[in-house]
file input19.cif (mmCIF, C-alpha atoms)
data_run
loop_
_atom_site.label_atom_id
_atom_site.label_comp_id
_atom_site.auth_asym_id
_atom_site.auth_seq_id
_atom_site.Cartn_x
_atom_site.Cartn_y
_atom_site.Cartn_z
CA MET A 1 -5.84 41.50 64.73
CA ARG A 2 -7.99 38.84 63.14
CA LYS A 3 -8.31 40.85 59.93
CA ASN A 4 -4.57 41.46 59.76
CA ALA A 5 -3.90 37.81 60.51
CA SER A 6 -5.86 36.77 57.46
CA SER A 7 -3.94 39.01 55.12
CA ARG A 8 -2.05 37.06 52.49
CA GLN A 9 0.38 39.93 52.24
CA GLN A 10 1.58 39.28 55.77
CA ARG A 11 5.32 39.04 55.82
CA ALA A 12 6.94 35.67 56.39
CA GLY A 13 8.43 35.05 59.77
CA LEU A 14 5.53 36.25 61.87
CA ALA A 15 5.93 33.26 64.19
CA GLY A 16 9.43 34.56 64.94
CA LYS A 17 7.91 37.50 66.80
CA ALA A 18 7.41 35.04 69.64
CA GLY A 19 11.21 34.84 69.97
CA ASP A 20 13.35 31.73 69.63
CA LEU A 21 14.02 28.68 71.76
CA ALA A 22 17.17 26.59 71.29
CA ILE A 23 15.94 23.02 71.79
CA GLY A 24 18.73 20.95 73.25
CA GLY A 25 20.95 24.01 72.91
CA ASP A 26 21.38 23.54 69.15
CA LEU A 27 18.02 23.53 67.39
CA SER A 28 16.80 27.09 67.27
CA VAL A 29 13.07 27.32 66.56
CA ALA A 30 10.44 30.05 66.63
CA ARG A 31 8.70 29.81 69.98
CA LEU A 32 5.33 29.37 68.32
CA GLY A 33 5.03 25.96 66.70
CA PHE A 34 2.35 23.88 65.01
CA GLY A 35 0.62 20.82 66.43
CA ALA A 36 -0.36 18.27 63.78
CA MET A 37 -3.01 16.39 65.75
CA ARG A 38 -5.88 18.25 64.08
CA LEU A 39 -4.77 17.30 60.58
CA THR A 40 -6.66 14.01 60.93
CA GLY A 41 -10.31 13.06 60.88
CA GLU A 42 -12.74 13.24 63.80
CA GLY A 43 -11.48 11.55 66.96
CA ILE A 44 -7.86 11.96 65.72
CA TRP A 45 -8.69 9.08 63.38
CA GLY A 46 -8.34 8.61 59.64
CA GLU A 47 -8.30 11.14 56.85
CA PRO A 48 -9.33 14.76 57.41
CA THR A 49 -12.53 15.90 55.74
CA ASP A 50 -10.51 18.32 53.58
CA ARG A 51 -7.05 16.91 52.92
CA PRO A 52 -5.96 19.62 50.42
CA GLU A 53 -6.74 22.24 53.08
CA ALA A 54 -4.73 20.25 55.66
CA VAL A 55 -1.76 20.26 53.27
CA ARG A 56 -2.20 24.01 52.75
CA VAL A 57 -2.25 24.55 56.51
CA VAL A 58 1.14 22.86 56.93
CA ARG A 59 2.68 24.80 54.02
CA ARG A 60 1.25 28.09 55.29
CA ALA A 61 2.62 27.37 58.77
CA VAL A 62 6.13 27.21 57.36
CA GLU A 63 5.53 30.33 55.24
CA LEU A 64 4.58 32.17 58.42
CA GLY A 65 7.89 31.29 60.03
CA ILE A 66 6.92 28.19 61.97
CA ASN A 67 9.81 25.71 62.03
CA PHE A 68 8.74 23.39 64.84
CA ILE A 69 6.03 20.83 64.04
CA ASP A 70 4.78 18.41 66.68
CA SER A 71 3.31 15.09 65.58
CA ALA A 72 2.90 11.44 66.59
CA ASP A 73 2.55 8.18 64.71
CA SER A 74 -0.71 7.71 66.62
CA TYR A 75 -2.37 10.74 64.99
CA GLY A 76 -4.51 9.09 62.34
CA PRO A 77 -2.61 6.78 62.91
CA HIS A 78 0.12 7.91 60.50
CA VAL A 79 -2.16 10.38 58.70
CA SER A 80 -0.70 13.55 60.21
CA GLU A 81 2.86 12.51 59.37
CA GLU A 82 1.88 11.56 55.81
CA ILE A 83 0.31 14.99 55.35
CA ILE A 84 3.42 16.71 56.74
CA ALA A 85 5.54 14.74 54.28
CA GLU A 86 3.21 15.53 51.36
CA ALA A 87 3.19 19.23 52.24
CA LEU A 88 6.85 19.82 52.95
CA HIS A 89 9.11 17.08 51.58
CA PRO A 90 11.91 17.76 50.70
CA TYR A 91 12.15 19.51 54.02
CA PRO A 92 13.56 23.03 54.30
CA ALA A 93 16.70 23.56 56.34
CA GLY A 94 16.03 24.36 59.95
CA LEU A 95 12.69 22.56 60.16
CA VAL A 96 12.33 20.50 63.34
CA ILE A 97 9.74 17.74 63.55
CA ALA A 98 8.93 16.12 66.89
CA THR A 99 7.13 12.80 66.98
CA LYS A 100 6.04 10.45 69.74
CA GLY A 101 5.56 6.78 70.50
CA GLY A 102 3.60 5.02 73.20
CA PHE A 103 0.09 4.51 71.85
CA ASP A 104 -1.76 2.07 69.63
CA ARG A 105 -4.98 3.21 67.97
CA ALA A 106 -7.99 0.90 67.73
CA GLY A 107 -10.50 3.49 66.57
CA PRO A 108 -11.66 7.10 66.89
CA ASN A 109 -10.82 8.58 70.29
CA GLN A 110 -9.31 5.30 71.48
CA TRP A 111 -5.78 5.48 72.85
CA VAL A 112 -4.20 2.25 74.07
CA GLU A 113 -0.84 2.50 75.77
CA ASN A 114 1.50 0.05 74.08
CA GLY A 115 4.35 0.28 76.52
CA SER A 116 7.57 -1.34 75.49
CA ARG A 117 6.18 -2.64 72.20
CA SER A 118 6.41 0.78 70.62
CA ILE A 119 10.06 1.10 71.45
CA SER A 120 11.42 -2.42 71.64
CA SER A 121 10.25 -3.97 68.39
CA ARG A 122 10.02 -3.10 64.73
CA ARG A 123 7.08 -0.92 65.68
CA ALA A 124 9.60 1.65 66.80
CA LYS A 125 10.82 1.89 63.25
CA GLU A 126 7.25 2.24 62.01
CA ALA A 127 6.60 4.84 64.68
CA CYS A 128 9.60 6.70 63.44
CA ALA A 129 8.55 6.49 59.78
CA ALA A 130 8.61 10.27 59.69
CA CYS A 131 12.21 10.20 60.89
CA ALA A 132 13.16 7.83 58.10
CA SER A 133 11.65 10.02 55.42
CA ILE A 134 13.07 13.21 56.79
CA GLY A 135 16.61 12.77 55.58
CA SER A 136 18.60 15.82 56.53
CA THR A 137 16.01 17.37 58.78
CA SER A 138 16.57 17.37 62.51
CA ILE A 139 14.23 15.30 64.60
CA SER A 140 13.34 15.43 68.21
CA TYR A 141 11.49 12.41 69.52
CA THR A 142 9.04 12.93 72.29
CA ALA A 143 8.55 9.78 74.31
CA SER A 144 5.44 9.13 76.31
CA THR A 145 5.71 8.58 80.01
CA LEU A 146 5.04 4.92 79.47
CA ALA A 147 7.73 4.60 76.85
CA PHE A 148 10.13 6.20 79.25
CA ARG A 149 9.12 3.87 82.06
CA SER A 150 9.46 0.77 79.95
CA ARG A 151 12.79 1.97 78.72
CA THR A 152 14.09 2.26 82.23
CA ASN A 153 12.87 -1.27 82.88
CA SER A 154 14.54 -2.71 79.83
CA ALA A 155 18.19 -3.02 79.13
CA CYS A 156 18.42 -0.36 76.42
CA MET B 1 15.68 2.06 72.95
CA LEU B 2 15.35 5.81 72.36
CA LYS B 3 18.93 6.18 73.51
CA ARG B 4 19.98 3.61 70.90
CA LEU B 5 17.99 5.34 68.14
CA GLN B 6 19.70 8.56 69.13
CA ALA B 7 23.12 6.90 68.99
CA GLN B 8 22.25 5.60 65.51
CA GLY B 9 21.48 9.13 64.40
CA LYS B 10 17.79 8.38 63.75
CA ILE B 11 16.67 10.91 66.30
CA ARG B 12 18.40 14.07 67.35
CA HIS B 13 16.98 14.75 70.79
CA ILE B 14 14.71 13.09 73.32
CA GLY B 15 11.74 14.61 75.10
CA LEU B 16 9.01 13.46 77.46
CA SER B 17 5.25 13.84 77.64
CA GLU B 18 2.89 13.92 80.62
CA VAL B 19 5.51 13.66 83.33
CA ASN B 20 6.07 15.11 86.77
CA VAL B 21 9.30 16.66 88.05
CA ARG B 22 10.47 13.38 89.59
CA GLN B 23 10.07 11.56 86.26
CA VAL B 24 11.96 14.27 84.40
CA ARG B 25 14.84 13.91 86.85
CA GLN B 26 14.79 10.10 86.47
CA ALA B 27 14.96 10.42 82.69
CA GLN B 28 17.75 12.97 82.89
CA ALA B 29 19.83 10.41 84.74
CA ILE B 30 19.72 8.25 81.57
CA VAL B 31 19.75 10.67 78.64
CA PRO B 32 19.69 14.42 78.12
CA ILE B 33 16.06 15.57 78.04
CA VAL B 34 15.36 18.59 75.81
CA SER B 35 11.59 18.98 76.01
CA VAL B 36 8.55 18.18 78.10
CA GLN B 37 5.05 18.16 76.68
CA ASN B 38 2.32 18.42 79.31
CA ARG B 39 -1.25 19.67 79.23
CA TYR B 40 -1.12 23.31 80.20
CA SER B 41 -3.00 26.52 79.53
CA LEU B 42 -4.22 29.66 81.22
CA ALA B 43 -7.10 27.64 82.64
CA ASP B 44 -5.11 24.49 83.36
CA ARG B 45 -2.01 25.15 85.41
CA GLY B 46 -1.51 21.79 87.10
CA SER B 47 1.99 21.56 85.61
CA ASP B 48 3.26 24.88 86.95
CA ASP B 49 5.91 23.07 89.00
CA VAL B 50 7.10 21.11 85.95
CA LEU B 51 7.24 24.32 83.93
CA GLU B 52 9.34 26.00 86.61
CA TYR B 53 11.69 23.02 86.72
CA CYS B 54 12.04 23.12 82.91
CA GLU B 55 12.79 26.84 83.03
CA GLN B 56 15.60 26.28 85.55
CA ALA B 57 16.97 23.32 83.59
CA GLY B 58 16.73 24.97 80.16
CA ILE B 59 14.22 22.35 78.95
CA GLY B 60 11.60 23.40 76.40
CA PHE B 61 8.03 23.19 77.73
CA ILE B 62 5.41 22.36 75.10
CA PRO B 63 1.87 22.89 76.38
CA TRP B 64 -0.72 20.67 74.72
CA PHE B 65 -4.35 21.77 74.68
CA PRO B 66 -3.02 25.35 74.89
CA LEU B 67 -6.38 26.95 74.18
CA ALA B 68 -8.40 25.23 76.89
CA ALA B 69 -9.70 28.61 77.90
CA GLY B 70 -13.33 27.87 77.20
CA ARG B 71 -14.39 28.53 80.74
CA LEU B 72 -12.52 31.81 80.72
CA SER B 73 -13.75 33.21 77.45
CA GLY B 74 -17.35 34.10 78.27
CA ALA B 75 -18.43 37.52 77.07
CA ALA B 76 -17.66 39.18 80.43
CA SER B 77 -14.47 37.28 81.22
CA PRO B 78 -11.05 38.91 81.63
CA VAL B 79 -9.81 37.04 78.54
CA SER B 80 -12.63 38.46 76.43
CA ARG B 81 -12.16 41.93 77.90
CA VAL B 82 -8.43 41.92 77.15
CA ALA B 83 -9.14 40.55 73.67
CA ALA B 84 -11.56 43.39 72.96
CA GLN B 85 -9.05 45.99 74.22
CA LEU B 86 -6.30 44.62 71.99
CA LYS B 87 -8.59 43.97 69.02
CA ALA B 88 -7.59 40.32 69.24
CA THR B 89 -9.46 37.07 69.73
CA PRO B 90 -9.69 35.21 73.09
CA SER B 91 -7.56 32.40 71.58
CA GLN B 92 -4.84 34.90 70.65
CA VAL B 93 -4.87 36.30 74.18
CA ALA B 94 -4.57 32.78 75.64
CA LEU B 95 -1.58 32.09 73.37
CA ALA B 96 0.06 35.43 74.14
CA TRP B 97 -0.31 34.68 77.84
CA LEU B 98 1.48 31.34 77.36
CA LEU B 99 4.33 32.97 75.42
CA ALA B 100 4.78 35.61 78.10
CA ARG B 101 4.51 33.08 80.94
CA SER B 102 7.97 31.57 80.37
CA PRO B 103 10.89 31.90 77.94
CA VAL B 104 10.99 28.09 77.56
CA MET B 105 7.29 27.92 76.57
CA LEU B 106 6.70 26.61 73.04
CA PRO B 107 2.97 26.48 72.27
CA ILE B 108 1.88 24.33 69.33
CA PRO B 109 -1.72 25.28 68.53
CA GLY B 110 -3.12 22.96 65.90
CA THR B 111 -5.89 23.41 63.37
CA SER B 112 -7.08 22.06 60.05
CA LYS B 113 -7.97 25.51 58.67
CA VAL B 114 -5.59 28.06 57.14
CA GLU B 115 -7.64 30.97 58.49
CA ARG B 116 -7.40 29.67 62.07
CA LEU B 117 -3.67 29.00 61.63
CA GLU B 118 -3.12 32.62 60.62
CA GLU B 119 -5.12 33.81 63.60
CA ASN B 120 -3.02 31.65 65.94
CA VAL B 121 0.32 32.74 64.48
CA ALA B 122 -0.65 36.41 64.73
CA ALA B 123 -0.71 35.92 68.52
CA ALA B 124 3.09 35.91 68.36
CA GLY B 125 2.93 39.66 67.75
CA LEU B 126 0.58 40.33 70.66
CA ASN B 127 2.29 41.86 73.68
CA LEU B 128 0.66 41.76 77.10
CA ASP B 129 1.82 44.24 79.73
CA ASP B 130 2.54 43.15 83.31
CA LYS B 131 -0.81 44.33 84.62
CA THR B 132 -2.68 42.39 81.97
CA MET B 133 -0.59 39.28 82.58
CA GLN B 134 -1.37 39.46 86.27
CA GLU B 135 -5.08 39.97 85.67
CA LEU B 136 -5.22 36.98 83.30
CA SER B 137 -3.16 34.76 85.63
CA ILE B 138 -5.51 35.48 88.51
CA SER B 139 -8.55 34.73 86.35
CA GLY B 140 -6.97 31.40 85.39
CA GLU B 141 -6.36 30.56 89.05
CA ARG B 142 -9.97 31.38 89.91
CA ALA B 143 -11.28 29.19 87.11
CA LYS B 144 -9.19 26.32 88.44
CA HIS B 145 -10.94 26.53 91.79
CA ALA B 146 -14.41 27.27 90.42
#

call {"tool": "encode", "arguments": {"input": "input19.cif", "output": "structure tokens"}}
result
Amino acid sequence: MRKNASSRQQRAGLAGKAGDLAIGGDLSVARLGFGAMRLTGEGIWGEPTDRPEAVRVVRRAVELGINFIDSADSYGPHVSEEIIAEALHPYPAGLVIATKGGFDRAGPNQWVENGSRSISSRRAKEACAACASIGSTSISYTASTLAFRSRTNSAC
Amino acid sequence: MLKRLQAQGKIRHIGLSEVNVRQVRQAQAIVPIVSVQNRYSLADRGSDDVLEYCEQAGIGFIPWFPLAAGRLSGAASPVSRVAAQLKATPSQVALAWLLARSPVMLPIPGTSKVERLEENVAAAGLNLDDKTMQELSISGERAKHA
């Protein structure tokens, strides 16, 4: 399996063998996606040690049939979403990128819940920088528990 | 706020992360919820009830830390035994178990290496029979109580 998996001749669409899931009933994605948290440096902080390889990973994921990528503005922060953009923009049709709000980053391995700030101020727009650059690509936004709570407490 | 961004067309759908069933229901009362992302793996099944709720409600379930099978992948463990039988890696078996666990499961293994990515994606082609699924599920339960 491992040997086969490393074959460059492997046909595209391998991720599709996992079957599909229609997110929200209308976004059909292969049921094996890619999580972008590891595209950053140690402690989910800063640049990865090998950025060109990180870009290759994202491109290869799409070649292999992955069309659901999970990210967050807090990965890096921003680094994982910048790498996704560098690797894939302009985005292919059918690609779904999920991002999240709810955390500030002060340093490696430090996660500070930012509550309503991430969704009630301009920070929301920053958090959704990936959305802004995506253009025609569909986006699903994954809120943190805290973001959800604060949203229920606010008037929006 | 998320509801407003959705209305503005900036986001298509809204999901939640690290929530219990009650919180999913609360959110659903405000906006349609399409996905839940909780920590979940063969060795970490604390969100089984949330997964079951998502399955009934047609909500995608995205397990983070999907390969937390370290405790299960010792040389003599069921995961390692199954991996050897299928000529796969323990990580691939852990992913295949997730995929077979529920039709709404959407694992998102991450890596910074192309070789590891290819190994992970190949798990999509790994089929586990019912007996193997049961054996692995029991081993995961045991690890939880160990």

call {"tool": "atom_distance", "arguments": {"input": "input19.cif", "atom1": "atom CA of B:Glu118", "atom2": "atom CA of A:Ala61"}}
result
8.0 Å

call {"tool": "residues_around", "arguments": {"input": "input19.cif", "residues": "B:Val104", "least_positions_apart": "6", "cutoff": "7 Å", "atoms": "all atoms listed in the file", "output": "PyMOL selection string"}}
result
(chain A and resi 21) or (chain B and resi 55+59-61)

call {"tool": "closest_residue", "arguments": {"input": "input19.cif", "among": "A:Ala87, A:Leu39, A:Val58, A:Val96", "to": "A:Ala22", "atoms": "all atoms listed in the file"}}
result
A:Val96

call {"tool": "closest_atom_pairs", "arguments": {"input": "input19.cif", "of": "chain B", "to": "chain A", "cutoff": "6 Å", "atoms": "only C-alpha atoms", "output": "JSON lines"}}
result
{"residue": "B:Met1", "atom": "CA", "partner": "A:Cys156", "partner_atom": "CA", "distance": 5.0}
{"residue": "B:Ile11", "atom": "CA", "partner": "A:Ile139", "partner_atom": "CA", "distance": 5.3}
{"residue": "B:Arg12", "atom": "CA", "partner": "A:Ile139", "partner_atom": "CA", "distance": 5.1}
{"residue": "B:His13", "atom": "CA", "partner": "A:Ser140", "partner_atom": "CA", "distance": 4.5}
{"residue": "B:Ile14", "atom": "CA", "partner": "A:Tyr141", "partner_atom": "CA", "distance": 5.0}
{"residue": "B:Gly15", "atom": "CA", "partner": "A:Thr142", "partner_atom": "CA", "distance": 4.2}
{"residue": "B:Leu16", "atom": "CA", "partner": "A:Ala143", "partner_atom": "CA", "distance": 4.9}
{"residue": "B:Ser17", "atom": "CA", "partner": "A:Ser144", "partner_atom": "CA", "distance": 4.9}
{"residue": "B:Val34", "atom": "CA", "partner": "A:Gly24", "partner_atom": "CA", "distance": 4.8}
{"residue": "B:Lys87", "atom": "CA", "partner": "A:Met1", "partner_atom": "CA", "distance": 5.7}
{"residue": "B:Ala88", "atom": "CA", "partner": "A:Met1", "partner_atom": "CA", "distance": 5.0}
{"residue": "B:Leu106", "atom": "CA", "partner": "A:Arg31", "partner_atom": "CA", "distance": 4.9}
{"residue": "B:Pro107", "atom": "CA", "partner": "A:Leu32", "partner_atom": "CA", "distance": 5.4}
{"residue": "B:Ile108", "atom": "CA", "partner": "A:Phe34", "partner_atom": "CA", "distance": 4.4}
{"residue": "B:Pro109", "atom": "CA", "partner": "A:Gly35", "partner_atom": "CA", "distance": 5.5}
{"residue": "B:Gly110", "atom": "CA", "partner": "A:Gly35", "partner_atom": "CA", "distance": 4.3}
{"residue": "B:Thr111", "atom": "CA", "partner": "A:Arg38", "partner_atom": "CA", "distance": 5.2}
{"residue": "B:Ser112", "atom": "CA", "partner": "A:Ala54", "partner_atom": "CA", "distance": 5.3}
{"residue": "B:Val114", "atom": "CA", "partner": "A:Val57", "partner_atom": "CA", "distance": 4.9}
{"residue": "B:Glu118", "atom": "CA", "partner": "A:Ala5", "partner_atom": "CA", "distance": 5.2}
{"residue": "B:Glu119", "atom": "CA", "partner": "A:Ala5", "partner_atom": "CA", "distance": 5.2}
{"residue": "B:Val121", "atom": "CA", "partner": "A:Ala15", "partner_atom": "CA", "distance": 5.6}
{"residue": "B:Ala122", "atom": "CA", "partner": "A:Ala5", "partner_atom": "CA", "distance": 5.5}
{"residue": "B:Ala124", "atom": "CA", "partner": "A:Ala18", "partner_atom": "CA", "distance": 4.6}
{"residue": "B:Gly125", "atom": "CA", "partner": "A:Lys17", "partner_atom": "CA", "distance": 5.5}

call {"tool": "atom_distance", "arguments": {"input": "input19.cif", "atom1": "atom CA of B:Leu2", "atom2": "atom CA of B:Ile30"}}
result
10.5 Å

call {"tool": "atom_distance", "arguments": {"input": "input19.cif", "atom1": "atom CA of B:Leu99", "atom2": "atom CA of B:Asp130"}}
result
13.0 Å

call {"tool": "residues_near_point", "arguments": {"input": "input19.cif", "point": "(3.3, 19.4, 80.6)", "cutoff": "7 Å", "atoms": "all atoms listed in the file", "output": "ChimeraX atom specification"}}
result
/B:17-19,36-40,47,50,61-63

call {"tool": "closest_residue", "arguments": {"input": "input19.cif", "among": "B:Ala29, B:Ser137, B:Met105, B:Glu115", "to": "B:Val93", "atoms": "all atoms listed in the file"}}
result
B:Ser137

call {"tool": "closest_residue", "arguments": {"input": "input19.cif", "among": "B:Leu42, B:Tyr53, B:Asp48, B:Ser35", "to": "B:Val21", "atoms": "all atoms listed in the file"}}
result
B:Tyr53

call {"tool": "residues_near_point", "arguments": {"input": "input19.cif", "point": "(-3.5, 43.1, 76.0)", "cutoff": "8 Å", "atoms": "only C-alpha atoms", "output": "list in words"}}
result
Val82, Ala83, Gln85, Leu86, Val93, Leu126, Asn127, Leu128, Asp129 and Thr132 of chain B

call {"tool": "resolve_selection", "arguments": {"input": "input19.cif", "expression": "the PyMOL selection byres ((chain A and resi 73) around 8)", "output": "JSON, numbers by chain"}}
result
{"A": [71, 72, 74, 75, 76, 77, 78, 79, 80, 81, 99, 100, 101, 127, 128, 129]}

call {"tool": "residues_around", "arguments": {"input": "input19.cif", "residues": "A:Leu95", "least_positions_apart": "2", "cutoff": "6 Å", "atoms": "all atoms listed in the file", "output": "ChimeraX atom specification"}}
result
/A:67,92-93

call {"tool": "resolve_selection", "arguments": {"input": "input19.cif", "expression": "the PyMOL selection byres ((chain B and resi 90) around 9)", "output": "list in words"}}
result
Leu67, Ala69, Leu72, Ser73, Val79, Ser80, Arg81, Val82, Ala83, Ala84, Ala88, Thr89, Ser91, Gln92, Val93, Ala94 and Leu95 of chain B

call {"tool": "decode", "arguments": {"input": "input19.cif", "residues": "stretch 75-114 of chain B", "atoms": "C-alpha atoms", "output": "PDB file, in the first residue's frame"}}
result
ATOM      1  CA  ALA B  75       3.772  -3.813  17.262  1.00  0.00           C
ATOM      2  CA  ALA B  76       1.273  -6.318  18.712  1.00  0.00           C
ATOM      3  CA  SER B  77      -1.813  -4.107  18.555  1.00  0.00           C
ATOM      4  CA  PRO B  78      -4.912  -4.896  16.473  1.00  0.00           C
ATOM      5  CA  VAL B  79      -4.232  -1.817  14.319  1.00  0.00           C
ATOM      6  CA  SER B  80      -0.730  -3.032  13.511  1.00  0.00           C
ATOM      7  CA  ARG B  81      -1.957  -6.578  12.907  1.00  0.00           C
ATOM      8  CA  VAL B  82      -4.659  -5.398  10.500  1.00  0.00           C
ATOM      9  CA  ALA B  83      -2.143  -3.101   8.802  1.00  0.00           C
ATOM     10  CA  ALA B  84       0.239  -6.007   8.246  1.00  0.00           C
ATOM     11  CA  GLN B  85      -2.565  -8.194   6.851  1.00  0.00           C
ATOM     12  CA  LEU B  86      -3.629  -5.505   4.388  1.00  0.00           C
ATOM     13  CA  LYS B  87      -0.082  -4.413   3.548  1.00  0.00           C
ATOM     14  CA  ALA B  88      -1.011  -0.957   4.784  1.00  0.00           C
ATOM     15  CA  THR B  89       0.316   1.360   7.474  1.00  0.00           C
ATOM     16  CA  PRO B  90      -1.323   1.799  10.919  1.00  0.00           C
ATOM     17  CA  SER B  91      -2.251   5.378   9.927  1.00  0.00           C
ATOM     18  CA  GLN B  92      -4.030   4.108   6.815  1.00  0.00           C
ATOM     19  CA  VAL B  93      -5.961   1.593   8.900  1.00  0.00           C
ATOM     20  CA  ALA B  94      -6.982   4.327  11.366  1.00  0.00           C
ATOM     21  CA  LEU B  95      -8.231   6.477   8.464  1.00  0.00           C
ATOM     22  CA  ALA B  96     -10.045   3.578   6.806  1.00  0.00           C
ATOM     23  CA  TRP B  97     -11.770   2.861  10.116  1.00  0.00           C
ATOM     24  CA  LEU B  98     -12.976   6.479  10.300  1.00  0.00           C
ATOM     25  CA  LEU B  99     -14.296   6.380   6.726  1.00  0.00           C
ATOM     26  CA  ALA B 100     -16.167   3.150   7.398  1.00  0.00           C
ATOM     27  CA  ARG B 101     -17.480   4.368  10.762  1.00  0.00           C
ATOM     28  CA  SER B 102     -20.046   6.774   9.276  1.00  0.00           C
ATOM     29  CA  PRO B 103     -21.155   8.037   5.854  1.00  0.00           C
ATOM     30  CA  VAL B 104     -21.000  11.639   7.142  1.00  0.00           C
ATOM     31  CA  MET B 105     -17.369  11.250   8.293  1.00  0.00           C
ATOM     32  CA  LEU B 106     -14.925  13.536   6.473  1.00  0.00           C
ATOM     33  CA  PRO B 107     -11.379  13.027   7.793  1.00  0.00           C
ATOM     34  CA  ILE B 108      -8.837  15.750   7.016  1.00  0.00           C
ATOM     35  CA  PRO B 109      -5.399  14.302   7.780  1.00  0.00           C
ATOM     36  CA  GLY B 110      -2.759  16.989   7.477  1.00  0.00           C
ATOM     37  CA  THR B 111       0.939  16.812   6.742  1.00  0.00           C
ATOM     38  CA  SER B 112       3.769  18.919   5.393  1.00  0.00           C
ATOM     39  CA  LYS B 113       5.246  16.079   3.309  1.00  0.00           C
ATOM     40  CA  VAL B 114       4.075  14.886  -0.116  1.00  0.00           C
TER      41      VAL B 114
END
